[in-house]
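A.B. asks: Below are the structure tokens for one structure; questions will follow.
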Amino acid sequence: MLPFLFVLAGIAAQVPSQPAQVVPIVAVAPGRTAAVDSIKAGNHNCPHCDLTGADLTNTCVKEGNLQGAKFDGARAVLMCMSFADFRGASFRNTDLAGANLAHAKVDGADFTGADLSITSIKGTDLSHAIGLTQKQLDKACGDAKTKAPAGLTVKICS
């Protein structure tokens with residue numbers, strides 16, 4: 001083993017010195033992993049859980065309690081979220097493309113930067129949601145019962 005270490009030391013001495021690169025380490029909190037695993041296992045209730053950056057594509061939380069949950073930067077493509085309680089949740093920069101948020105409770109939920117492409121918001125009262133823009137609502141699909149925040153309108157889809 002000792003000769004091997006001498007060989008490594010000799011090689012290291014021949015390699016030109018370069019500044020060390022700092023590589024950020026992103027640690028996943030044990031609670032976050034457990035929350036994601038729970039949702040993927042079919043648990044529809046996860047109030048105040050941290051789902052930041054999670055891939056929740058094709059998962060379902062229909063009629064679940066996710067009040068105050070944090071979905072920031074998550075991928076929730078085609079996620080079934082209808083009739084669920086997301087009051088006070090955060091969807092900042094979340095990909096909700098094709099998700100079903102029909103009849104969901106979203107009072108105080110933050111949709112800043114969220115992708116709502118082809119997202120069903122039918123029957124959902126968005127009037128007290130935060131961070132919504134007309135551009136986002138133009139990509140989503142609502143109906144006559146969908147309520148938009150003041151000054152915004154919802155596109156009606158069949």
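Residue numbers start at 1 in each chain; chains themselves are named A, B, ... in the order of the structure tokens; ligands are numbered from 1 in the order shown.
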Report the closest atom pair, with its distance in Å rounded to one decimal, for each residue of range 90-133 of chain A that has an atom no farther than 12 Å from range 54-60 of chain A; count only C-alpha atoms, sort by chain and then rising residue number, and write it as a Markdown table.

C.D. replies:
```
| residue | atom | partner | partner_atom | distance |
| --- | --- | --- | --- | --- |
| A:Phe91 | CA | A:Ala54 | CA | 11.7 |
| A:Thr94 | CA | A:Ala54 | CA | 9.6 |
| A:Asp95 | CA | A:Thr57 | CA | 9.4 |
| A:Leu96 | CA | A:Thr57 | CA | 9.1 |
| A:Ala97 | CA | A:Thr57 | CA | 9.7 |
| A:Gly98 | CA | A:Asn58 | CA | 9.7 |
| A:Ala99 | CA | A:Asn58 | CA | 8.5 |
| A:Asn100 | CA | A:Cys60 | CA | 9.5 |
| A:Leu101 | CA | A:Cys60 | CA | 10.9 |
```

A.B. asks: Which parts of range 23-157 of chain A does DSSP call helix (DSSP H, G or I) when run on the backbone here, written out as a PyMOL selection string?

C.D. replies: chain A and resi 30-40+134-139

A.B. asks: Range 129-140 of chain A: which residues within 10 Å, counting only C-alpha atoms, same-chain residues fewer than 5 positions away excluded, as an mmCIF file with N, CA and C atoms, in the first residue's frame?

C.D. replies:
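Printed below is out-v4.cif as written:
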```
data_model
loop_
_atom_site.group_PDB
_atom_site.id
_atom_site.type_symbol
_atom_site.label_atom_id
_atom_site.label_comp_id
_atom_site.auth_asym_id
_atom_site.auth_seq_id
_atom_site.Cartn_x
_atom_site.Cartn_y
_atom_site.Cartn_z
ATOM 1 N N ARG A 87 -54.890 26.206 0.924
ATOM 2 C CA ARG A 87 -54.887 27.554 1.497
ATOM 3 C C ARG A 87 -53.527 27.840 2.127
ATOM 4 N N GLY A 88 -52.954 28.983 1.726
ATOM 5 C CA GLY A 88 -51.662 29.409 2.259
ATOM 6 C C GLY A 88 -50.467 28.648 1.708
ATOM 7 N N ALA A 89 -50.676 27.788 0.718
ATOM 8 C CA ALA A 89 -49.566 27.027 0.129
ATOM 9 C C ALA A 89 -48.734 27.928 -0.782
ATOM 10 N N SER A 90 -47.524 27.496 -1.070
ATOM 11 C CA SER A 90 -46.645 28.246 -1.960
ATOM 12 C C SER A 90 -46.309 27.401 -3.190
ATOM 13 N N PHE A 91 -46.645 27.960 -4.357
ATOM 14 C CA PHE A 91 -46.367 27.328 -5.644
ATOM 15 C C PHE A 91 -45.407 28.187 -6.453
ATOM 16 N N ARG A 92 -44.514 28.894 -5.791
ATOM 17 C CA ARG A 92 -43.587 29.790 -6.484
ATOM 18 C C ARG A 92 -42.719 28.988 -7.452
ATOM 19 N N LEU A 96 -46.947 23.526 -12.991
ATOM 20 C CA LEU A 96 -48.269 22.936 -12.813
ATOM 21 C C LEU A 96 -48.933 22.639 -14.161
ATOM 22 N N ALA A 97 -48.134 22.475 -15.207
ATOM 23 C CA ALA A 97 -48.668 22.239 -16.548
ATOM 24 C C ALA A 97 -49.544 20.988 -16.568
ATOM 25 N N GLY A 98 -50.771 21.166 -17.011
ATOM 26 C CA GLY A 98 -51.696 20.052 -17.129
ATOM 27 C C GLY A 98 -52.253 19.548 -15.810
ATOM 28 N N ALA A 99 -51.919 20.199 -14.710
ATOM 29 C CA ALA A 99 -52.436 19.770 -13.404
ATOM 30 C C ALA A 99 -53.931 20.065 -13.312
ATOM 31 N N LYS A 105 -59.167 24.718 -2.972
ATOM 32 C CA LYS A 105 -59.182 25.892 -2.097
ATOM 33 C C LYS A 105 -57.782 26.494 -2.124
ATOM 34 N N VAL A 106 -57.674 27.733 -2.615
ATOM 35 C CA VAL A 106 -56.355 28.335 -2.790
ATOM 36 C C VAL A 106 -56.242 29.736 -2.170
ATOM 37 N N ASP A 107 -57.099 30.056 -1.212
ATOM 38 C CA ASP A 107 -57.001 31.367 -0.563
ATOM 39 C C ASP A 107 -55.614 31.541 0.036
ATOM 40 N N GLY A 108 -54.954 32.639 -0.324
ATOM 41 C CA GLY A 108 -53.625 32.942 0.212
ATOM 42 C C GLY A 108 -52.502 32.130 -0.395
ATOM 43 N N ALA A 109 -52.798 31.260 -1.352
ATOM 44 C CA ALA A 109 -51.744 30.487 -2.017
ATOM 45 C C ALA A 109 -50.964 31.404 -2.960
ATOM 46 N N ASP A 110 -49.653 31.199 -3.033
ATOM 47 C CA ASP A 110 -48.768 32.040 -3.843
ATOM 48 C C ASP A 110 -48.395 31.316 -5.132
ATOM 49 N N PHE A 111 -48.811 31.887 -6.270
ATOM 50 C CA PHE A 111 -48.545 31.309 -7.585
ATOM 51 C C PHE A 111 -47.512 32.110 -8.364
ATOM 52 N N THR A 112 -46.699 32.890 -7.701
ATOM 53 C CA THR A 112 -45.705 33.723 -8.378
ATOM 54 C C THR A 112 -44.791 32.854 -9.244
ATOM 55 N N GLY A 113 -44.760 33.141 -10.545
ATOM 56 C CA GLY A 113 -43.885 32.434 -11.475
ATOM 57 C C GLY A 113 -44.298 31.018 -11.816
ATOM 58 N N ALA A 114 -45.448 30.559 -11.345
ATOM 59 C CA ALA A 114 -45.895 29.187 -11.629
ATOM 60 C C ALA A 114 -46.326 29.052 -13.085
ATOM 61 N N ASP A 115 -46.053 27.891 -13.669
ATOM 62 C CA ASP A 115 -46.487 27.593 -15.034
ATOM 63 C C ASP A 115 -47.854 26.933 -14.951
ATOM 64 N N LEU A 116 -48.879 27.625 -15.479
ATOM 65 C CA LEU A 116 -50.249 27.121 -15.451
ATOM 66 C C LEU A 116 -50.727 26.679 -16.837
ATOM 67 N N SER A 117 -49.811 26.269 -17.697
ATOM 68 C CA SER A 117 -50.169 25.839 -19.051
ATOM 69 C C SER A 117 -51.123 24.651 -19.004
ATOM 70 N N ILE A 118 -52.298 24.834 -19.574
ATOM 71 C CA ILE A 118 -53.345 23.819 -19.664
ATOM 72 C C ILE A 118 -53.750 23.289 -18.285
ATOM 73 N N THR A 119 -53.570 24.081 -17.259
ATOM 74 C CA THR A 119 -53.966 23.696 -15.906
ATOM 75 C C THR A 119 -55.463 23.933 -15.747
ATOM 76 N N SER A 120 -56.183 22.938 -15.253
ATOM 77 C CA SER A 120 -57.611 23.096 -15.030
ATOM 78 C C SER A 120 -57.839 23.823 -13.704
ATOM 79 N N ILE A 121 -58.491 24.966 -13.798
ATOM 80 C CA ILE A 121 -58.858 25.754 -12.617
ATOM 81 C C ILE A 121 -60.376 25.905 -12.576
ATOM 82 N N LYS A 122 -61.074 24.969 -13.154
ATOM 83 C CA LYS A 122 -62.532 25.027 -13.234
ATOM 84 C C LYS A 122 -63.149 24.992 -11.839
ATOM 85 N N ALA A 148 -61.510 34.885 -10.715
ATOM 86 C CA ALA A 148 -60.151 35.406 -10.871
ATOM 87 C C ALA A 148 -59.898 36.525 -9.868
ATOM 88 N N PRO A 149 -58.625 36.818 -9.573
ATOM 89 C CA PRO A 149 -58.315 37.980 -8.734
ATOM 90 C C PRO A 149 -58.802 39.258 -9.419
ATOM 91 N N GLY A 151 -59.306 42.443 -11.413
ATOM 92 C CA GLY A 151 -58.606 42.981 -12.580
ATOM 93 C C GLY A 151 -58.122 41.940 -13.560
ATOM 94 N N LEU A 152 -58.290 40.665 -13.246
ATOM 95 C CA LEU A 152 -57.842 39.593 -14.127
ATOM 96 C C LEU A 152 -59.049 38.797 -14.622
ATOM 97 N N THR A 153 -58.880 38.114 -15.737
ATOM 98 C CA THR A 153 -59.957 37.292 -16.291
ATOM 99 C C THR A 153 -59.454 35.872 -16.509
ATOM 100 N N VAL A 154 -60.376 34.947 -16.570
ATOM 101 C CA VAL A 154 -60.053 33.541 -16.772
ATOM 102 C C VAL A 154 -60.507 33.101 -18.150
ATOM 103 N N LYS A 155 -59.665 32.352 -18.833
ATOM 104 C CA LYS A 155 -60.033 31.788 -20.134
ATOM 105 C C LYS A 155 -60.947 30.591 -19.889
ATOM 106 N N ILE A 156 -62.052 30.568 -20.622
ATOM 107 C CA ILE A 156 -63.033 29.495 -20.512
ATOM 108 C C ILE A 156 -62.662 28.397 -21.524
ATOM 109 N N CYS A 157 -62.535 27.183 -21.036
ATOM 110 C CA CYS A 157 -62.246 26.043 -21.900
ATOM 111 C C CYS A 157 -63.403 25.063 -21.810
#
```

A.B. asks: Pick the closest to Gly64 in chain A from A:Leu78, A:Phe83, A:Thr52, A:Thr146: which is it, counting only C-alpha atoms?

C.D. replies: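 Between A:Leu78, A:Phe83, A:Thr52, A:Thr146, the residue approaching Gly64 in chain A most closely is A:Phe83.
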
A.B. asks: Of the candidates A:Ala34, A:Cys49, A:Val61, A:Ala41, which shows the shortest atom-to-atom distance to Ser82 in chain A, using only C-alpha atoms?

C.D. replies: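 Using only C-alpha atoms, Ser82 in chain A sits closest to A:Val61.
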